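Participant: See my_file-v1.cif below, with mmCIF, C-alpha atoms.
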data_entry
#
loop_
_atom_site.label_atom_id
_atom_site.label_comp_id
_atom_site.auth_asym_id
_atom_site.auth_seq_id
_atom_site.Cartn_x
_atom_site.Cartn_y
_atom_site.Cartn_z
CA MET A 1 88.00 28.26 129.65
CA ASN A 2 87.99 24.46 129.97
CA ASN A 3 91.44 22.85 129.72
CA SER A 4 90.25 19.24 129.91
CA ASN A 5 90.36 17.01 126.83
CA PRO A 6 87.04 16.65 124.96
CA VAL A 7 85.85 13.08 124.43
CA ILE A 8 84.27 11.18 121.55
CA THR A 9 80.97 9.47 122.40
CA GLY A 10 79.40 8.59 119.05
CA ILE A 11 80.59 7.45 115.62
CA GLY A 12 78.75 7.25 112.30
CA VAL A 13 80.41 5.91 109.15
CA ILE A 14 79.30 5.50 105.56
CA ALA A 15 82.35 4.32 103.65
CA PRO A 16 82.98 2.53 100.35
CA ASN A 17 83.78 -0.74 102.13
CA ALA A 18 81.17 -0.67 104.93
CA ILE A 19 78.34 1.22 106.59
CA GLY A 20 78.27 1.65 110.37
CA LYS A 21 81.26 1.77 112.70
CA ASP A 22 81.30 -1.92 113.63
CA ASP A 23 81.14 -3.15 110.04
CA PHE A 24 83.73 -0.51 109.09
CA TRP A 25 86.15 -1.76 111.73
CA GLN A 26 85.60 -5.35 110.63
CA ALA A 27 86.19 -4.40 106.99
CA LEU A 28 89.49 -2.78 107.96
CA LYS A 29 90.49 -5.86 109.94
CA LYS A 30 89.76 -8.03 106.90
CA ALA A 31 91.64 -5.67 104.56
CA SER A 32 88.43 -5.25 102.57
CA SER A 33 88.61 -2.75 99.72
CA GLY A 34 85.69 -0.60 98.61
CA ILE A 35 87.43 0.43 95.39
CA LYS A 36 85.49 -0.94 92.43
CA PRO A 37 84.36 0.04 88.91
CA ILE A 38 82.36 3.28 88.95
CA SER A 39 78.60 2.89 88.51
CA LEU A 40 77.40 6.47 89.17
CA PHE A 41 78.49 7.73 85.72
CA ASP A 42 79.99 6.54 82.46
CA THR A 43 83.79 6.22 82.31
CA THR A 44 84.00 4.81 78.78
CA TYR A 45 86.22 7.57 77.44
CA PHE A 46 88.62 7.71 80.40
CA LYS A 47 91.64 5.63 81.33
CA ALA A 48 90.62 5.75 85.01
CA LYS A 49 87.51 3.69 85.73
CA THR A 50 87.42 2.87 89.45
CA ALA A 51 86.66 4.72 92.68
CA GLY A 52 85.79 4.24 96.31
CA GLU A 53 82.04 4.45 95.71
CA CYS A 54 79.45 3.83 98.47
CA LYS A 55 77.50 1.36 96.34
CA ASP A 56 75.46 -0.13 99.19
CA PHE A 57 74.23 3.26 100.42
CA LYS A 58 70.44 3.68 100.30
CA PRO A 59 69.50 7.04 101.85
CA GLU A 60 65.88 6.06 102.41
CA ASP A 61 67.05 3.44 104.91
CA TYR A 62 68.26 6.24 107.19
CA LEU A 63 66.29 9.33 106.23
CA GLY A 64 62.99 7.96 104.94
CA SER A 65 61.81 8.71 101.41
CA LYS A 66 60.12 12.07 102.06
CA GLY A 67 62.04 15.10 100.82
CA LEU A 68 64.99 13.21 99.34
CA ARG A 69 64.42 14.63 95.85
CA ASN A 70 65.58 18.05 97.11
CA LEU A 71 68.80 16.73 98.68
CA ASP A 72 72.07 16.19 96.84
CA ARG A 73 74.21 13.08 97.38
CA SER A 74 76.62 14.73 99.83
CA THR A 75 73.77 15.91 102.05
CA MET A 76 72.15 12.48 102.05
CA LEU A 77 75.48 10.87 102.95
CA VAL A 78 76.26 13.26 105.81
CA CYS A 79 72.73 13.31 107.28
CA SER A 80 72.68 9.50 107.26
CA ALA A 81 76.08 9.25 108.96
CA ALA A 82 74.95 11.84 111.52
CA LYS A 83 71.90 9.72 112.33
CA LEU A 84 74.18 6.74 112.99
CA ALA A 85 76.47 8.86 115.20
CA LEU A 86 73.65 10.40 117.26
CA GLU A 87 72.08 6.98 117.78
CA ASP A 88 75.45 5.51 118.73
CA ALA A 89 75.98 8.30 121.28
CA LYS A 90 72.41 7.87 122.57
CA LEU A 91 72.21 11.64 122.34
CA GLU A 92 68.71 13.06 122.31
CA ILE A 93 68.56 16.71 121.30
CA THR A 94 65.66 18.51 122.99
CA ASP A 95 64.38 22.08 122.90
CA ASP A 96 66.30 22.70 126.12
CA SER A 97 69.63 21.28 124.88
CA ALA A 98 69.50 22.34 121.20
CA TYR A 99 71.49 25.55 121.76
CA ASP A 100 74.27 23.68 123.59
CA VAL A 101 75.05 21.58 120.49
CA GLY A 102 76.99 22.83 117.48
CA VAL A 103 77.72 21.43 114.02
CA VAL A 104 80.92 21.74 112.01
CA THR A 105 81.06 20.05 108.61
CA ALA A 106 84.12 19.49 106.45
CA THR A 107 83.36 19.51 102.74
CA THR A 108 85.11 21.06 99.74
CA LEU A 109 84.12 19.30 96.52
CA SER A 110 80.49 18.54 97.33
CA ILE A 111 78.93 21.45 95.44
CA SER A 112 80.69 20.92 92.10
CA ALA A 113 78.05 18.53 90.74
CA ASP A 114 75.23 20.83 91.88
CA LEU A 115 76.87 23.86 90.30
CA ALA A 116 77.26 21.91 87.06
CA LYS A 117 73.60 20.85 87.14
CA PHE A 118 72.40 24.40 87.84
CA SER A 119 74.62 25.90 85.14
CA LYS A 120 73.53 23.30 82.59
CA GLU A 121 69.83 24.02 83.15
CA GLU A 122 70.46 27.77 83.06
CA ALA A 123 72.14 27.38 79.68
CA GLN A 124 69.44 25.07 78.33
CA VAL A 125 66.22 26.78 79.46
CA GLY A 126 67.41 30.30 80.25
CA ALA A 127 67.83 32.05 83.58
CA ARG A 128 64.12 32.95 83.85
CA PHE A 129 63.03 29.31 83.79
CA VAL A 130 65.64 27.58 85.97
CA ASN A 131 64.16 25.27 88.61
CA PRO A 132 64.70 27.18 91.91
CA ALA A 133 65.14 23.88 93.81
CA LEU A 134 68.47 23.44 92.01
CA PHE A 135 70.02 26.52 93.62
CA PRO A 136 70.25 25.75 97.40
CA PRO A 137 72.59 22.74 96.99
CA THR A 138 75.07 24.98 95.12
CA THR A 139 75.91 26.74 98.41
CA MET A 140 78.85 25.26 100.34
CA ASN A 141 76.99 25.20 103.67
CA PHE A 142 73.98 23.26 102.37
CA PRO A 143 74.97 19.82 103.80
CA SER A 144 75.78 21.31 107.22
CA SER A 145 72.59 23.38 107.30
CA GLN A 146 70.44 20.41 106.35
CA LEU A 147 72.10 18.32 109.07
CA SER A 148 71.21 20.95 111.68
CA ILE A 149 67.65 21.33 110.42
CA ARG A 150 66.98 17.60 110.36
CA TYR A 151 68.25 16.96 113.89
CA LYS A 152 67.02 20.26 115.41
CA ILE A 153 70.48 21.51 116.36
CA LYS A 154 70.41 25.24 117.10
CA GLY A 155 73.92 26.03 118.29
CA PHE A 156 76.66 27.26 115.93
CA ASN A 157 76.87 25.87 112.39
CA THR A 158 80.12 26.07 110.43
CA THR A 159 81.46 24.64 107.18
CA ILE A 160 85.22 24.04 106.76
CA SER A 161 86.48 23.83 103.17
CA THR A 162 90.23 23.46 103.44
CA GLY A 163 90.41 20.45 101.13
CA TYR A 164 92.61 17.54 102.20
CA THR A 165 92.86 18.75 105.81
CA ALA A 166 89.24 19.84 106.25
CA GLY A 167 88.24 16.83 108.39
CA LEU A 168 90.90 17.39 111.04
CA ASP A 169 90.49 21.17 110.76
CA ALA A 170 86.82 20.65 111.68
CA LEU A 171 87.93 18.57 114.67
CA LYS A 172 90.25 21.39 115.80
CA TYR A 173 87.45 23.93 115.45
CA ALA A 174 85.13 21.80 117.59
CA VAL A 175 87.76 21.14 120.26
CA GLU A 176 88.40 24.86 120.62
CA PHE A 177 84.68 25.67 120.90
CA ILE A 178 84.24 23.13 123.68
CA ARG A 179 87.36 24.26 125.53
CA ALA A 180 86.17 27.87 125.27
CA GLY A 181 82.85 26.89 126.85
CA ARG A 182 80.89 27.90 123.74
CA ALA A 183 79.36 24.45 123.28
CA LYS A 184 78.82 21.33 125.38
CA ARG A 185 78.67 19.01 122.39
CA VAL A 186 79.60 19.24 118.72
CA VAL A 187 78.55 17.08 115.78
CA ILE A 188 81.69 16.92 113.60
CA ALA A 189 81.13 15.74 110.05
CA GLY A 190 83.24 15.17 106.96
CA VAL A 191 81.70 14.39 103.59
CA GLU A 192 82.47 14.27 99.89
CA SER A 193 80.42 12.61 97.16
CA LEU A 194 81.62 11.07 93.95
CA SER A 195 80.44 12.93 90.86
CA PHE A 196 81.33 13.23 87.21
CA SER A 197 82.51 16.83 87.67
CA ASN A 198 84.89 15.90 90.53
CA PHE A 199 86.17 12.93 88.58
CA VAL A 200 86.82 14.98 85.44
CA GLY A 201 88.55 17.72 87.46
CA PHE A 202 91.04 15.35 89.07
CA TYR A 203 91.47 13.53 85.75
CA LYS A 204 92.28 16.68 83.79
CA VAL A 205 94.91 17.89 86.30
CA GLY A 206 96.55 14.46 86.07
CA PHE A 207 96.00 13.33 89.68
CA LEU A 208 94.22 10.03 89.03
CA ALA A 209 95.89 6.63 88.97
CA GLY A 210 95.50 4.89 85.65
CA ILE A 211 96.27 7.92 83.50
CA LYS A 212 99.85 6.62 83.50
CA GLY A 213 100.60 3.16 84.81
CA GLU A 214 98.40 0.78 86.75
CA GLU A 215 95.09 2.01 88.19
CA ILE A 216 95.50 1.03 91.83
CA SER A 217 95.59 2.71 95.22
CA CYS A 218 98.90 1.52 96.67
CA PRO A 219 100.30 4.08 99.16
CA PHE A 220 104.03 3.78 99.88
CA ASP A 221 104.44 1.18 97.11
CA LYS A 222 106.90 1.78 94.28
CA ARG A 223 104.03 1.50 91.75
CA HIS A 224 102.09 4.49 93.16
CA ASN A 225 101.10 6.86 90.36
CA GLY A 226 98.07 8.84 91.55
CA ILE A 227 94.93 8.78 93.64
CA VAL A 228 91.86 6.67 93.24
CA LEU A 229 89.02 9.05 94.08
CA GLY A 230 86.72 8.13 96.97
CA GLU A 231 83.55 9.30 98.66
CA GLY A 232 81.88 8.84 102.02
CA ALA A 233 80.86 10.47 105.26
CA GLY A 234 82.25 10.24 108.76
CA VAL A 235 80.59 11.84 111.79
CA VAL A 236 81.70 11.88 115.42
CA ILE A 237 80.04 13.34 118.51
CA LEU A 238 82.52 15.36 120.56
CA GLU A 239 81.56 16.29 124.12
CA ASP A 240 82.90 18.12 127.11
CA GLU A 241 84.17 15.34 129.35
CA GLN A 242 82.10 16.33 132.40
CA GLU A 243 78.95 16.62 130.29
CA ALA A 244 79.57 13.15 128.86
CA LEU A 245 80.10 11.70 132.32
CA LYS A 246 77.00 13.47 133.61
CA ARG A 247 74.79 11.68 131.09
CA LYS A 248 76.72 8.40 131.53
CA ALA A 249 77.75 8.28 127.89
CA ASN A 250 79.94 5.57 126.43
CA ILE A 251 83.31 7.25 125.83
CA TYR A 252 85.42 5.88 122.98
CA ALA A 253 88.49 8.11 123.17
CA LYS A 254 89.76 11.53 124.17
CA VAL A 255 91.23 14.14 121.86
CA LEU A 256 94.59 15.24 123.26
CA SER A 257 95.52 17.78 120.60
CA VAL A 258 94.99 19.07 117.08
CA ALA A 259 97.57 21.32 115.41
CA ASN A 260 97.76 22.80 111.95
CA SER A 261 100.40 24.60 109.96
CA PHE A 262 100.07 26.33 106.61
CA ASP A 263 103.27 26.40 104.57
CA ALA A 264 102.24 28.24 101.44
CA TYR A 265 104.17 27.25 98.32
CA ARG A 266 102.25 27.07 95.03
CA ALA A 267 98.69 26.18 94.08
CA VAL A 268 98.28 22.42 93.61
CA LYS A 269 101.95 21.85 94.47
CA TYR A 270 103.51 20.16 97.48
CA THR A 271 105.88 22.11 99.69
CA PRO A 272 109.36 20.56 99.39
CA GLN A 273 110.53 18.73 102.54
CA ALA A 274 107.02 19.01 104.09
CA ILE A 275 108.11 21.55 106.69
CA GLY A 276 104.50 22.32 107.59
CA LEU A 277 103.69 18.65 108.19
CA GLN A 278 106.75 18.28 110.40
CA ARG A 279 105.56 21.29 112.38
CA SER A 280 101.95 20.11 112.74
CA MET A 281 103.16 16.71 114.00
CA GLY A 282 105.69 18.22 116.40
CA VAL A 283 103.26 20.78 117.85
CA SER A 284 100.50 18.19 118.19
CA LEU A 285 102.82 15.85 120.10
CA SER A 286 103.95 18.69 122.35
CA HIS A 287 100.41 19.88 123.10
CA ALA A 288 99.37 16.30 123.82
CA GLY A 289 102.18 16.01 126.37
CA LEU A 290 103.60 12.95 124.62
CA GLY A 291 107.02 11.95 123.36
CA GLU A 292 107.86 10.25 120.09
CA GLU A 293 108.06 6.91 121.89
CA ASP A 294 104.45 7.19 123.14
CA ILE A 295 102.70 6.90 119.77
CA ASP A 296 101.45 3.37 119.03
CA TYR A 297 100.11 3.98 115.52
CA ILE A 298 100.26 6.67 112.83
CA SER A 299 97.22 6.96 110.55
CA ALA A 300 98.87 8.33 107.43
CA SER A 301 97.56 10.80 104.89
CA ALA A 302 99.37 8.85 102.14
CA ASN A 303 97.14 8.51 99.07
CA SER A 304 99.28 6.78 96.42
CA VAL A 305 100.61 10.00 94.88
CA ALA A 306 104.36 9.38 94.83
CA GLN A 307 105.41 12.78 96.19
CA HIS A 308 102.68 12.72 98.86
CA ASP A 309 103.78 9.33 100.20
CA GLU A 310 107.47 10.18 100.06
CA LEU A 311 107.11 13.55 101.81
CA GLU A 312 105.05 12.04 104.62
CA THR A 313 107.60 9.26 105.11
CA GLU A 314 110.46 11.75 105.33
CA ALA A 315 108.50 14.02 107.70
CA ILE A 316 107.75 11.09 110.02
CA LYS A 317 111.43 10.12 110.07
CA LYS A 318 112.47 13.67 110.97
CA VAL A 319 109.88 14.05 113.75
CA PHE A 320 110.13 10.58 115.27
CA ASN A 321 113.87 10.08 114.81
CA ILE A 322 115.04 6.68 116.16
CA TYR A 323 111.44 5.62 116.84
CA ALA A 324 110.20 6.14 113.28
CA LYS A 325 110.86 2.63 112.00
CA ASN A 326 109.27 0.98 115.06
CA ILE A 327 105.89 2.71 114.83
CA PRO A 328 103.23 1.10 112.61
CA VAL A 329 102.22 3.53 109.85
CA SER A 330 99.35 2.71 107.52
CA SER A 331 96.98 4.33 105.04
CA ILE A 332 93.33 3.30 104.94
CA LYS A 333 93.07 5.19 101.64
CA SER A 334 94.42 2.01 100.06
CA MET A 335 90.95 0.56 100.82
CA LEU A 336 88.76 3.68 100.52
CA GLY A 337 90.42 5.95 97.99
CA GLU A 338 91.11 9.66 98.53
CA SER A 339 87.92 11.28 99.83
CA VAL A 340 89.52 14.69 100.52
CA SER A 341 87.39 16.44 103.20
CA ALA A 342 85.88 13.16 104.42
CA SER A 343 89.30 11.51 104.84
CA GLY A 344 90.13 13.00 108.24
CA LEU A 345 86.88 11.86 109.84
CA LEU A 346 87.15 8.38 108.30
CA GLN A 347 90.74 8.14 109.57
CA LEU A 348 89.52 9.30 112.99
CA ALA A 349 86.81 6.61 113.03
CA ALA A 350 89.37 3.98 111.98
CA SER A 351 91.82 5.14 114.66
CA ILE A 352 89.16 4.87 117.37
CA GLY A 353 88.54 1.34 116.11
CA ALA A 354 92.26 0.61 116.44
CA ILE A 355 92.10 1.71 120.09
CA LYS A 356 88.85 -0.09 120.94
CA GLU A 357 89.48 -3.30 118.99
CA GLY A 358 93.26 -3.58 119.46
CA PHE A 359 94.43 -3.71 115.85
CA ILE A 360 96.37 -1.74 113.25
CA PRO A 361 94.56 -1.28 109.91
CA PRO A 362 96.71 -2.43 106.99
CA THR A 363 98.01 -0.71 103.90
CA ILE A 364 96.74 -3.03 101.17
CA ASN A 365 98.18 -3.45 97.65
CA TYR A 366 101.66 -3.13 99.11
CA GLN A 367 104.04 -5.25 97.02
CA GLN A 368 107.09 -3.35 95.81
CA LYS A 369 109.36 -1.71 98.40
CA TYR A 370 111.82 1.03 97.55
CA ASP A 371 114.43 3.13 99.29
CA ILE A 372 112.52 6.36 100.00
CA CYS A 373 109.48 4.75 101.63
CA ASP A 374 111.07 2.46 104.20
CA LEU A 375 108.87 2.48 107.32
CA ASN A 376 106.61 -0.21 108.82
CA TYR A 377 103.50 0.18 106.64
CA VAL A 378 101.59 -2.86 108.00
CA PRO A 379 101.40 -4.44 104.55
CA ASN A 380 98.23 -6.17 103.34
CA LYS A 381 97.06 -7.69 106.65
CA ALA A 382 95.81 -6.04 109.83
CA LYS A 383 97.99 -6.51 112.89
CA SER A 384 96.68 -7.31 116.38
CA GLN A 385 98.20 -4.89 118.85
CA ALA A 386 97.20 -2.88 121.91
CA VAL A 387 96.81 0.78 120.95
CA ASN A 388 96.73 3.66 123.43
CA ASN A 389 97.81 6.74 121.45
CA VAL A 390 97.24 7.44 117.75
CA LEU A 391 98.63 10.27 115.62
CA ILE A 392 96.55 11.15 112.53
CA ASN A 393 97.91 13.15 109.58
CA ASN A 394 96.13 15.14 106.88
CA PHE A 395 98.00 17.23 104.30
CA GLY A 396 97.91 18.00 100.62
CA PRO A 397 99.17 20.17 97.78
CA GLY A 398 98.52 23.84 98.43
CA GLY A 399 100.06 24.14 101.89
CA SER A 400 97.57 22.83 104.46
CA ASN A 401 98.85 20.42 107.13
CA THR A 402 96.92 19.17 110.18
CA THR A 403 97.72 16.53 112.79
CA ALA A 404 95.58 15.17 115.62
CA VAL A 405 96.49 12.96 118.58
CA ILE A 406 93.79 10.84 120.24
CA ALA A 407 94.11 8.49 123.16
CA LYS A 408 92.39 5.60 124.88
CA TYR A 409 90.01 6.81 127.58
#
What does the file become when written as C-alpha cells?

Facilitator:
Amino acid sequence: MNNSNPVITGIGVIAPNAIGKDDFWQALKKASSGIKPISLFDTTYFKAKTAGECKDFKPEDYLGSKGLRNLDRSTMLVCSAAKLALEDAKLEITDDSAYDVGVVTATTLSISADLAKFSKEEAQVGARFVNPALFPPTTMNFPSSQLSIRYKIKGFNTTISTGYTAGLDALKYAVEFIRAGRAKRVVIAGVESLSFSNFVGFYKVGFLAGIKGEEISCPFDKRHNGIVLGEGAGVVILEDEQEALKRKANIYAKVLSVANSFDAYRAVKYTPQAIGLQRSMGVSLSHAGLGEEDIDYISASANSVAQHDELETEAIKKVFNIYAKNIPVSSIKSMLGESVSASGLLQLAASIGAIKEGFIPPTINYQQKYDICDLNYVPNKAKSQAVNNVLINNFGPGGSNTTAVIAKY
C-alpha cells in the first residue's frame, strides 16, 4: 500500500472553446465561450439551438485518416485528447511498461447515438443485413478499449458511467489503484459527444435552457433556467510520485483526496439540502488534511439549472461556514456547457491551470444577483490570484456526489 499522493504529469484537452491545455487555459483567462449554434444536426423544430460543440476538432489531425470511419465521435475525441496528454507527459509506453499503465474512462451518454444508428438500420434493412461495423460502438467500453488499443496500454481498462460525477469518480478509481500498488500510471479520461439523440433526450425531459426563458448558460444568475448541452474530452496522466520523479517528469499538481457520497432520492431528482454533496466535500477536506480556510478556489458543478446552483451554494455555505463568502467559486460550464461525464476532467484541467497560471476562471453571463446564490462567483472576468489548493465538485440529479482536492506540487 502506497500512502503518498499521486501526481498529474500530463494534460490533454479538447473543449468547445479551445484544443490543447495551453489554449484552453488562455480561453478561460479571456472568458471565451465555446457555446454557439449547433452545426452537427438540425435544430429547426426545437426552441433550444445552441451547445458547447467542438467545432474546430478535426480527428485526422491527431489520429491520421486511416480507420476513422469505424470510430464514433466520442472515441475520436477521447483518443485525440489522450494523444495530447501522453505527449505532454512525455510518456512513452513500451512492451516492458505496458502492463504498468491502466486506463479508466468516464462516459455515460456516448453510446446513445450509436445505439440509435444501429437500431435504425436494423429496422430499415432487417437484422440479417445490418452492417456489423455498427455494433461495436454501441458497447459502453468502446472508447476506453480503443484508447488502450491505439496506445498499446495493457494494464487494467475500466469504464465509469455514473453520469454527472463520472469524471471525478474515474479520478478516485485511478488514485486507489495507484495507492494499492496495482498500477504505476493511469490514463484518466472523460468524454461525451454531442448528438441528436442526447439533445432530444435532455430536451424532452425539460432540462435544456431555452425551452422556457432565455437560452443561455448562466450559473448562479437569477435567469438560470436549464443547461446548455456540451461535449468534449479531458485526459490526465496520473502517476505514482516516485515513478514520476524517477523519469524526471514535469509534475503539474498532486491529488490530495477524492471522496464520493451517494444520497439516493428519486430518479432524475435532486436530493433536498444536498446532504451527499456536503458529505463529499467534508470528507474530501478531511482526507486532504486541510481546513476550510486552506481552499483557494472552488471549481463548481453549477450548470445553470436553478436547483443545482442553489443546492451547491447552500452546501458550500454549510461546509465552509465563515469562510464561504471569501473563497472564489466559479463554474466553467458557463463557457463550455454541461458535458456530463467529461465535466470532471475538464474542471480538473482548468483547476490545474488555475494553480500553474495563477488565476481564477470566471463565471460568465453573470448579471442578475439574487438572495439564494450569494457567494463570490468571479463574475465575467478571470481574476489573477495565487492558487495552492483547489476543491472540485461534481453532482447531479439521481444521488451521485463527488469532490476532489488537488494541490500545487

Participant: Rounded to one decimal in Å, what is the spacing between atom CA of A:Ile327 and atom CA of A:Val340?

Facilitator: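 Interatomic distance here is 24.8 Å.
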
Participant: Tell me which residues the PyMOL selection byres ((chain A and resi 159) around 6) grabs here, as a list in words.

Facilitator: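 Taken on the displayed file, the PyMOL selection byres ((chain A and resi 159) around 6) yields the residues Val104, Thr105, Ala106, Asn141, Thr158 and Ile160 of chain A.
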
Participant: Between atom CA of A:Pro37 and atom CA of A:Ala306, what distance in Å does the model show, to one decimal?

Facilitator: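 Taking atom CA of A:Pro37 as the start and atom CA of A:Ala306 as the end point, the length is 22.9 Å.
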
Participant: Care to translate the PyMOL selection byres ((chain A and resi 164) around 7) into actual residues of this file, as a tab-separated table (two decimals) with C-alpha atoms, in the frame of the given file?

Facilitator:
chain	number	residue	atom	x	y	z
A	162	THR	CA	90.23	23.46	103.44
A	163	GLY	CA	90.41	20.45	101.13
A	165	THR	CA	92.86	18.75	105.81
A	166	ALA	CA	89.24	19.84	106.25
A	340	VAL	CA	89.52	14.69	100.52
A	341	SER	CA	87.39	16.44	103.20
A	394	ASN	CA	96.13	15.14	106.88
A	395	PHE	CA	98.00	17.23	104.30
A	396	GLY	CA	97.91	18.00	100.62

Participant: Quote the spacing between atom CA of A:Ile372 and atom CA of A:Glu310 in Å to one decimal place.

Facilitator: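 Separation between atom CA of A:Ile372 and atom CA of A:Glu310: 6.3 Å.
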
Participant: For A:Pro136, which residue out of A:Ser97, A:Ser301, A:Thr75, A:Ser351 is the nearest one, using only C-alpha atoms?

Facilitator: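 The closest residue to A:Pro136 is A:Thr75.
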
Participant: Could you give me, as a PyMOL selection string, the residues within 6 Å of A:Val255, counting all atoms listed in the file and dropping anything in the same chain fewer than 5 positions from it?

Facilitator: chain A and resi 5-6+406

Participant: Can those selected residues be exported to a file as an mmCIF file, in the frame of the given file so that it contains C-alpha atoms?

Facilitator:
data_model
loop_
_atom_site.group_PDB
_atom_site.id
_atom_site.type_symbol
_atom_site.label_atom_id
_atom_site.label_comp_id
_atom_site.auth_asym_id
_atom_site.auth_seq_id
_atom_site.Cartn_x
_atom_site.Cartn_y
_atom_site.Cartn_z
ATOM 1 C CA ASN A 5 90.360 17.010 126.830
ATOM 2 C CA PRO A 6 87.040 16.650 124.960
ATOM 3 C CA ILE A 406 93.790 10.840 120.240
#

Participant: Calculated over all atoms listed in the file, which of the candidates A:Gly291, A:Tyr252, A:Asn380, A:Tyr45 has the smallest distance to A:Tyr323?

Facilitator: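 Answer, going by the shortest atom-to-atom distance: A:Gly291.
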
Participant: With the PyMOL selection byres ((chain A and resi 176-193) around 8) as the selection, what would be picked from this file? Answer as a ChimeraX atom specification, please.

Facilitator: /A:1-6,73-74,77-78,82,100-110,155,166-167,170-175,194-195,230-240,243,339-346

Participant: Mind checking which residues fall within 9 Å of A:Glu87, counting only C-alpha atoms, ignoring those fewer than 6 positions away in the same chain, and posting them as a list of chain:residue names?

Facilitator: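 Near A:Glu87, the qualifying residues are A:Gly10, A:Ile11, A:Gly12.
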
Participant: Just the selected residues (C-alpha atoms), exported as a PDB file, keeping the file's coordinate frame, please.

Facilitator:
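Ended up saving to selection_10.pdb:
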ATOM      1  CA  GLY A  10      79.400   8.590 119.050  1.00  0.00           C
ATOM      2  CA  ILE A  11      80.590   7.450 115.620  1.00  0.00           C
ATOM      3  CA  GLY A  12      78.750   7.250 112.300  1.00  0.00           C
TER       4      GLY A  12
END

Participant: Give me the residues of stretch 124-159 of chain A that have any atom at most 12 Å from an atom of stretch 48-67 of chain A; for each, the nearest atom pair and the distance in Å, rounded to one decimal. Use all atoms listed in the file, sort by chain and number, and format it as CSV.

Facilitator:
residue,atom,partner,partner_atom,distance
A:Ala133,CA,A:Gly67,CA,11.7
A:Gln146,CA,A:Gly67,CA,11.4
A:Leu147,CA,A:Leu63,CA,11.1
A:Arg150,CA,A:Leu63,CA,9.3
A:Tyr151,CA,A:Leu63,CA,11.0

Participant: Those residues with C-alpha atoms, as a compact mmCIF listing (two decimals), in the coordinates of the input please?

Facilitator:
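What follows is the written file selection04.txt:
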# COMPACT_ATOMS: atom_id res chain seq x y z
CA ALA A 133 65.14 23.88 93.81
CA GLN A 146 70.44 20.41 106.35
CA LEU A 147 72.10 18.32 109.07
CA ARG A 150 66.98 17.60 110.36
CA TYR A 151 68.25 16.96 113.89

Participant: Within 10 Å of (81.3, -1.9, 106.1) (file coordinates; all atoms listed in the file), which protein or nucleic acid residues are there? I'd like them as a list in words.

Facilitator: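 Collected hits near the coordinates: Val13, Ile14, Ala15, Pro16, Asn17, Ala18, Ile19, Gly20, Lys21, Asp22, Asp23, Phe24, Trp25, Gln26, Ala27, Leu28, Ser32, Ser33, Gly34, Cys54 and Asp56 of chain A.
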
Participant: Given the choices A:Ile332, A:Leu168, A:Val258, A:Ile93, which gets closest to A:Arg279 if the distance is worked out from only C-alpha atoms?

Facilitator: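 The shortest atom-to-atom distance to A:Arg279 comes from A:Val258.
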
Participant: Which polymer residues have any atom within 9 Å of an atom of A:Gln273, counting only C-alpha atoms, with same-chain residues fewer than 4 positions away left out, as a VMD selection string?

Facilitator: chain A and resid 277 to 278 311 to 312 314 to 315

Participant: Only C-alpha atoms, please: the residues just picked out, written as a compact mmCIF listing (two decimals), keeping the file's coordinate frame.

Facilitator:
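Saved result, selection-v9.txt, follows:
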# COMPACT_ATOMS: atom_id res chain seq x y z
CA LEU A 277 103.69 18.65 108.19
CA GLN A 278 106.75 18.28 110.40
CA LEU A 311 107.11 13.55 101.81
CA GLU A 312 105.05 12.04 104.62
CA GLU A 314 110.46 11.75 105.33
CA ALA A 315 108.50 14.02 107.70

Participant: Can you tell me which residues surround A:Asn365 at a distance of at most 12 Å, considering only C-alpha atoms, apart from same-chain residues fewer than 2 positions away, and format the answer as a PDB file with C-alpha atoms, in the frame of the given file?

Facilitator:
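The resulting file, result.pdb, is shown below:
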ATOM      1  CA  ALA A  31      91.640  -5.670 104.560  1.00  0.00           C
ATOM      2  CA  SER A  32      88.430  -5.250 102.570  1.00  0.00           C
ATOM      3  CA  SER A  33      88.610  -2.750  99.720  1.00  0.00           C
ATOM      4  CA  ILE A  35      87.430   0.430  95.390  1.00  0.00           C
ATOM      5  CA  GLU A 214      98.400   0.780  86.750  1.00  0.00           C
ATOM      6  CA  GLU A 215      95.090   2.010  88.190  1.00  0.00           C
ATOM      7  CA  ILE A 216      95.500   1.030  91.830  1.00  0.00           C
ATOM      8  CA  SER A 217      95.590   2.710  95.220  1.00  0.00           C
ATOM      9  CA  CYS A 218      98.900   1.520  96.670  1.00  0.00           C
ATOM     10  CA  PRO A 219     100.300   4.080  99.160  1.00  0.00           C
ATOM     11  CA  PHE A 220     104.030   3.780  99.880  1.00  0.00           C
ATOM     12  CA  ASP A 221     104.440   1.180  97.110  1.00  0.00           C
ATOM     13  CA  LYS A 222     106.900   1.780  94.280  1.00  0.00           C
ATOM     14  CA  ARG A 223     104.030   1.500  91.750  1.00  0.00           C
ATOM     15  CA  HIS A 224     102.090   4.490  93.160  1.00  0.00           C
ATOM     16  CA  SER A 304      99.280   6.780  96.420  1.00  0.00           C
ATOM     17  CA  SER A 330      99.350   2.710 107.520  1.00  0.00           C
ATOM     18  CA  SER A 331      96.980   4.330 105.040  1.00  0.00           C
ATOM     19  CA  ILE A 332      93.330   3.300 104.940  1.00  0.00           C
ATOM     20  CA  LYS A 333      93.070   5.190 101.640  1.00  0.00           C
ATOM     21  CA  SER A 334      94.420   2.010 100.060  1.00  0.00           C
ATOM     22  CA  MET A 335      90.950   0.560 100.820  1.00  0.00           C
ATOM     23  CA  PRO A 362      96.710  -2.430 106.990  1.00  0.00           C
ATOM     24  CA  THR A 363      98.010  -0.710 103.900  1.00  0.00           C
ATOM     25  CA  GLN A 367     104.040  -5.250  97.020  1.00  0.00           C
ATOM     26  CA  GLN A 368     107.090  -3.350  95.810  1.00  0.00           C
ATOM     27  CA  LYS A 369     109.360  -1.710  98.400  1.00  0.00           C
ATOM     28  CA  TYR A 377     103.500   0.180 106.640  1.00  0.00           C
ATOM     29  CA  VAL A 378     101.590  -2.860 108.000  1.00  0.00           C
ATOM     30  CA  PRO A 379     101.400  -4.440 104.550  1.00  0.00           C
ATOM     31  CA  ASN A 380      98.230  -6.170 103.340  1.00  0.00           C
ATOM     32  CA  LYS A 381      97.060  -7.690 106.650  1.00  0.00           C
TER      33      LYS A 381
END

Participant: Using all atoms listed in the file, which residue out of A:Cys373, A:Ala350, A:Ala386, A:Leu391 lies closest to A:Ser257?

Facilitator: A:Leu391
